Each structure stands twice: as C-alpha cells, then as structure tokens.
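S.K.: Hey, dropping entry_21.cif in here, mmCIF, C-alpha atoms, pLDDT in the B column; chains and numbers go by the auth columns:
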```cif
data_data
#
loop_
_atom_site.group_PDB
_atom_site.id
_atom_site.type_symbol
_atom_site.label_atom_id
_atom_site.label_comp_id
_atom_site.label_asym_id
_atom_site.label_seq_id
_atom_site.Cartn_x
_atom_site.Cartn_y
_atom_site.Cartn_z
_atom_site.B_iso_or_equiv
_atom_site.auth_seq_id
_atom_site.auth_asym_id
ATOM 1 C CA MET A 1 0.000 0.000 0.000 89.00 20 O
ATOM 2 C CA ARG A 2 1.165 3.514 -0.761 91.00 21 O
ATOM 3 C CA ALA A 3 -0.293 6.792 0.483 95.00 22 O
ATOM 4 C CA SER A 4 0.544 10.337 -0.556 95.00 23 O
ATOM 5 C CA VAL A 5 -0.601 13.862 0.224 97.00 24 O
ATOM 6 C CA GLY A 6 -0.117 16.962 -1.925 96.00 25 O
ATOM 7 C CA TYR A 7 -1.082 20.621 -1.910 95.00 26 O
ATOM 8 C CA GLN A 8 -1.389 22.772 -5.037 88.00 27 O
ATOM 9 C CA ILE A 9 -1.215 26.546 -4.784 87.00 28 O
ATOM 10 C CA ALA A 10 -3.259 27.865 -7.702 81.00 29 O
ATOM 11 C CA GLY A 11 -1.413 31.140 -8.309 74.00 30 O
ATOM 12 C CA GLY A 12 -2.817 34.173 -10.085 67.00 31 O
ATOM 13 C CA ALA A 13 -5.563 34.727 -12.616 64.00 32 O
ATOM 14 C CA ASN A 14 -5.467 33.011 -16.009 67.00 33 O
ATOM 15 C CA ASP A 15 -5.760 35.508 -18.866 65.00 34 O
ATOM 16 C CA LEU A 16 -6.179 32.837 -21.555 60.00 35 O
ATOM 17 C CA THR A 17 -9.876 32.214 -20.897 57.00 36 O
ATOM 18 C CA GLY A 18 -11.022 35.811 -21.345 63.00 37 O
ATOM 19 C CA VAL A 19 -12.741 35.779 -17.942 65.00 38 O
ATOM 20 C CA HIS A 20 -9.542 36.052 -15.862 74.00 39 O
ATOM 21 C CA LEU A 21 -10.235 32.829 -13.977 76.00 40 O
ATOM 22 C CA GLU A 22 -8.544 32.405 -10.598 78.00 41 O
ATOM 23 C CA ARG A 23 -8.734 28.869 -9.223 78.00 42 O
ATOM 24 C CA GLY A 24 -8.765 27.905 -5.573 78.00 43 O
ATOM 25 C CA ASP A 25 -6.009 25.821 -3.978 85.00 44 O
ATOM 26 C CA ASP A 26 -6.282 22.012 -4.000 87.00 45 O
ATOM 27 C CA LEU A 27 -5.485 19.379 -1.387 94.00 46 O
ATOM 28 C CA ALA A 28 -4.876 15.885 -2.810 94.00 47 O
ATOM 29 C CA VAL A 29 -4.813 12.583 -0.923 96.00 48 O
ATOM 30 C CA ALA A 30 -4.118 9.293 -2.708 96.00 49 O
ATOM 31 C CA ILE A 31 -4.123 5.679 -1.537 97.00 50 O
ATOM 32 C CA ASP A 32 -2.923 2.891 -3.835 97.00 51 O
ATOM 33 C CA LEU A 33 -2.796 -0.867 -3.382 98.00 52 O
ATOM 34 C CA THR A 34 -0.006 -2.625 -5.284 96.00 53 O
ATOM 35 C CA ARG A 35 1.079 -6.219 -5.624 97.00 54 O
ATOM 36 C CA THR A 36 4.015 -7.565 -7.640 96.00 55 O
ATOM 37 C CA PHE A 37 3.776 -10.850 -9.558 97.00 56 O
ATOM 38 C CA GLY A 38 7.153 -11.531 -11.150 97.00 57 O
ATOM 39 C CA ASP A 39 7.762 -8.752 -13.696 97.00 58 O
ATOM 40 C CA TRP A 40 4.192 -7.394 -13.414 98.00 59 O
ATOM 41 C CA THR A 41 2.799 -4.911 -10.874 97.00 60 O
ATOM 42 C CA PRO A 42 -0.897 -4.065 -10.954 98.00 61 O
ATOM 43 C CA GLU A 43 -2.110 -1.203 -8.779 97.00 62 O
ATOM 44 C CA ILE A 44 -5.471 0.304 -7.984 98.00 63 O
ATOM 45 C CA GLY A 45 -6.183 3.413 -5.984 97.00 64 O
ATOM 46 C CA LEU A 46 -8.349 6.350 -5.057 97.00 65 O
ATOM 47 C CA VAL A 47 -7.413 10.008 -5.421 94.00 66 O
ATOM 48 C CA ALA A 48 -9.396 12.599 -3.480 94.00 67 O
ATOM 49 C CA LEU A 49 -9.013 16.202 -4.678 89.00 68 O
ATOM 50 C CA GLU A 50 -10.491 18.868 -2.425 89.00 69 O
ATOM 51 C CA ARG A 51 -10.762 22.359 -3.933 84.00 70 O
ATOM 52 C CA LEU A 52 -10.442 24.466 -0.797 85.00 71 O
ATOM 53 C CA ASP A 53 -11.817 27.752 -2.167 81.00 72 O
ATOM 54 C CA GLU A 54 -14.295 28.560 -4.893 79.00 73 O
ATOM 55 C CA SER A 55 -12.811 29.747 -8.162 78.00 74 O
ATOM 56 C CA THR A 56 -13.425 33.383 -9.075 79.00 75 O
ATOM 57 C CA VAL A 57 -13.841 35.262 -12.357 77.00 76 O
ATOM 58 C CA ASP A 58 -13.576 38.926 -13.309 73.00 77 O
ATOM 59 C CA ASP A 59 -16.971 40.583 -12.793 75.00 78 O
ATOM 60 C CA GLY A 60 -16.291 43.308 -15.391 75.00 79 O
ATOM 61 C CA ALA A 61 -16.348 46.093 -12.781 81.00 80 O
ATOM 62 C CA GLY A 62 -12.877 45.538 -11.357 75.00 81 O
ATOM 63 C CA GLY A 63 -13.977 42.953 -8.793 78.00 82 O
ATOM 64 C CA ARG A 64 -14.157 39.175 -8.532 80.00 83 O
ATOM 65 C CA THR A 65 -17.220 36.899 -8.524 76.00 84 O
ATOM 66 C CA GLU A 66 -17.153 33.426 -6.954 78.00 85 O
ATOM 67 C CA VAL A 67 -18.250 30.536 -9.191 77.00 86 O
ATOM 68 C CA ASP A 68 -20.838 28.526 -7.265 75.00 87 O
ATOM 69 C CA GLY A 69 -20.005 24.827 -6.975 72.00 88 O
ATOM 70 C CA SER A 70 -16.363 25.199 -8.047 73.00 89 O
ATOM 71 C CA ASP A 71 -15.028 24.168 -4.624 77.00 90 O
ATOM 72 C CA GLY A 72 -15.471 20.793 -2.962 80.00 91 O
ATOM 73 C CA LEU A 73 -14.488 17.188 -3.433 88.00 92 O
ATOM 74 C CA GLN A 74 -13.657 15.230 -6.557 87.00 93 O
ATOM 75 C CA LEU A 75 -12.931 11.510 -6.206 92.00 94 O
ATOM 76 C CA ASN A 76 -11.114 9.493 -8.878 93.00 95 O
ATOM 77 C CA LEU A 77 -10.540 5.749 -9.223 96.00 96 O
ATOM 78 C CA ARG A 78 -7.272 4.890 -10.925 96.00 97 O
ATOM 79 C CA ALA A 79 -5.615 1.667 -12.069 97.00 98 O
ATOM 80 C CA ARG A 80 -2.233 0.917 -13.611 97.00 99 O
ATOM 81 C CA LEU A 81 -0.315 -2.117 -14.810 98.00 100 O
ATOM 82 C CA ALA A 82 3.485 -1.919 -14.874 97.00 101 O
ATOM 83 C CA TRP A 83 5.853 -4.369 -16.542 98.00 102 O
ATOM 84 C CA ARG A 84 9.536 -4.524 -15.584 98.00 103 O
ATOM 85 C CA PRO A 85 11.277 -6.782 -18.139 97.00 104 O
ATOM 86 C CA MET A 86 14.777 -5.774 -16.958 96.00 105 O
ATOM 87 C CA PRO A 87 15.980 -4.192 -13.691 94.00 106 O
ATOM 88 C CA ARG A 88 16.444 -0.730 -15.249 97.00 107 O
ATOM 89 C CA TRP A 89 13.356 -0.683 -17.517 98.00 108 O
ATOM 90 C CA THR A 90 9.679 -0.270 -16.607 98.00 109 O
ATOM 91 C CA PHE A 91 6.701 0.228 -18.910 98.00 110 O
ATOM 92 C CA SER A 92 3.213 1.101 -17.698 98.00 111 O
ATOM 93 C CA LEU A 93 -0.341 1.624 -18.854 98.00 112 O
ATOM 94 C CA GLY A 94 -2.976 3.186 -16.640 97.00 113 O
ATOM 95 C CA GLY A 95 -6.162 5.109 -16.421 95.00 114 O
ATOM 96 C CA ALA A 96 -8.418 7.041 -14.070 94.00 115 O
ATOM 97 C CA ASN A 97 -12.135 7.716 -13.962 93.00 116 O
ATOM 98 C CA ALA A 98 -14.066 10.266 -11.917 89.00 117 O
ATOM 99 C CA LEU A 99 -16.423 8.720 -9.361 91.00 118 O
ATOM 100 C CA LEU A 100 -17.516 12.022 -7.848 87.00 119 O
ATOM 101 C CA GLU A 101 -17.174 15.398 -9.581 80.00 120 O
ATOM 102 C CA ARG A 102 -17.543 19.000 -8.471 73.00 121 O
ATOM 103 C CA ASP A 103 -20.708 20.816 -9.530 67.00 122 O
ATOM 104 C CA SER A 104 -18.737 23.340 -11.605 63.00 123 O
ATOM 105 C CA ASP A 105 -15.320 23.074 -13.299 63.00 124 O
ATOM 106 C CA VAL A 106 -14.756 26.392 -15.036 62.00 125 O
ATOM 107 C CA ASP A 107 -10.996 25.942 -15.368 57.00 126 O
ATOM 108 C CA GLY A 108 -11.170 23.708 -18.434 57.00 127 O
ATOM 109 C CA LEU A 109 -9.922 20.670 -16.515 56.00 128 O
ATOM 110 C CA THR A 110 -13.173 18.735 -16.663 60.00 129 O
ATOM 111 C CA ARG A 111 -12.535 15.193 -17.797 62.00 130 O
ATOM 112 C CA SER A 112 -14.457 11.960 -17.469 73.00 131 O
ATOM 113 C CA TYR A 113 -11.366 9.770 -17.732 82.00 132 O
ATOM 114 C CA ALA A 114 -7.605 9.931 -18.238 88.00 133 O
ATOM 115 C CA ILE A 115 -5.212 7.418 -19.806 94.00 134 O
ATOM 116 C CA ASP A 116 -1.458 7.344 -19.307 94.00 135 O
ATOM 117 C CA VAL A 117 1.362 5.404 -20.924 98.00 136 O
ATOM 118 C CA GLY A 118 4.820 5.430 -19.390 97.00 137 O
ATOM 119 C CA ALA A 119 8.380 4.241 -19.898 98.00 138 O
ATOM 120 C CA VAL A 120 11.113 4.568 -17.272 96.00 139 O
ATOM 121 C CA VAL A 121 14.831 3.925 -17.606 97.00 140 O
ATOM 122 C CA ALA A 122 16.689 4.023 -14.289 94.00 141 O
ATOM 123 C CA PHE A 123 20.316 5.126 -14.342 92.00 142 O
#
```
Now, as a test, write the supplied structure out as structure tokens.

M.R.:
Amino acid sequence: MRASVGYQIAGGANDLTGVHLERGDDLAVAIDLTRTFGDWTPEIGLVALERLDESTVDDGAGGRTEVDGSDGLQLNLRARLAWRPMPRWTFSLGGANALLERDSDVDGLTRSYAIDVGAVVAF
C-alpha cells in the first residue's frame, strides 16, 4: 500500500480564458494498493481532490465573482499495470475515472477519464 498527500497553490488569474479565472487551492490525498507478480505490478487506488476555495472570475467592474459549486471534493478511481522486463526498464499503462465530480469546473480541466502510458529507464 502507498499513500501520498499533496497541496497545489493555484497562483494568479489566467488571462487565456477571457474571464480572468482564478482557481482555488487544491489538497490531494491518494491511496494505492499494489502487488508484484514476477515482472508485473498491478495497482489500484483512489485520489481525493479537495478544492479548498471557490474559483473566481472577473466581474467586469474591477472585482471578482465566486463561481458557485467550483469548490469541494472530486474523487477518482485509478488503475495501472506496470511491466519490468529488466531491472532498469519499466513500462506502464494506466487510467483514471471520476467517481464524484464537483458541480462546476470552469478551469477547463473537466474530464471523465484519463489514460497514461509510461516508460522509465533508471540510471
């Protein structure tokens, strides 16, 4: 089993969206179960992402307006299969799917699933 905790500081407003979006900070907690069978390591886990503050947008009058429902919990289920054919090489394929989503994701990061492919060479 592996557990991790992370904190993301959102930073300033994003000018690319035209609404000057400013996201809230995120707290992330992940728990993964892993088991190795020879060269293969499957893992499955949960990632909880808590948006601590509501995101805000420019209100057009020099102020900020909070976006209702942009804070709160998002819960993702993820799975990965890694293959280590040699001690220095590892290849992996994984994916994640949202089990619980926030009411509003105005930052363009809304996704129903994610897929990742990886290759690692240790030196």

S.K.: Applying 8 Å and only C-alpha atoms, which residues near Trp59 of chain O remain after dropping the ones on its own chain fewer than 4 positions away? List them as a VMD selection string.

M.R.: chain O and resid 55 100 to 103

S.K.: I'd like the neighbourhood of Val136 of chain O as a CSV table (one decimal) with C-alpha atoms, in the frame of the given file, where a residue qualifies if any of its atoms comes within 10 Å (using all atoms listed in the file), though same-chain residues fewer than 2 positions away should be ignored.

M.R.:
```csv
chain,number,residue,atom,x,y,z
O,99,ARG,CA,-2.2,0.9,-13.6
O,100,LEU,CA,-0.3,-2.1,-14.8
O,101,ALA,CA,3.5,-1.9,-14.9
O,110,PHE,CA,6.7,0.2,-18.9
O,111,SER,CA,3.2,1.1,-17.7
O,112,LEU,CA,-0.3,1.6,-18.9
O,113,GLY,CA,-3.0,3.2,-16.6
O,114,GLY,CA,-6.2,5.1,-16.4
O,134,ILE,CA,-5.2,7.4,-19.8
O,138,ALA,CA,8.4,4.2,-19.9
```

S.K.: In Å to one decimal, how far is atom CA of Leu96 of chain O from atom CA of Ile63 of chain O?

M.R.: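 Distance between the two atoms: 7.5 Å.
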
S.K.: To one decimal place in Å, what is the distance between atom CA of Gly79 of chain O and atom CA of Leu40 of chain O?

M.R.: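 Taking atom CA of Gly79 of chain O and atom CA of Leu40 of chain O, their separation equals 12.2 Å.
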
S.K.: In file coordinates, which residues lie within 8 Å of (-5.3, -1.0, -7.9) using all atoms listed in the file, given as a PyMOL selection string?

M.R.: chain O and resi 51-53+61-64+97-99

S.K.: Please report the interatomic distance between atom CA of Ser89 of chain O and atom CA of Leu46 of chain O in Å with one decimal.

M.R.: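 It comes out at 14.0 Å.
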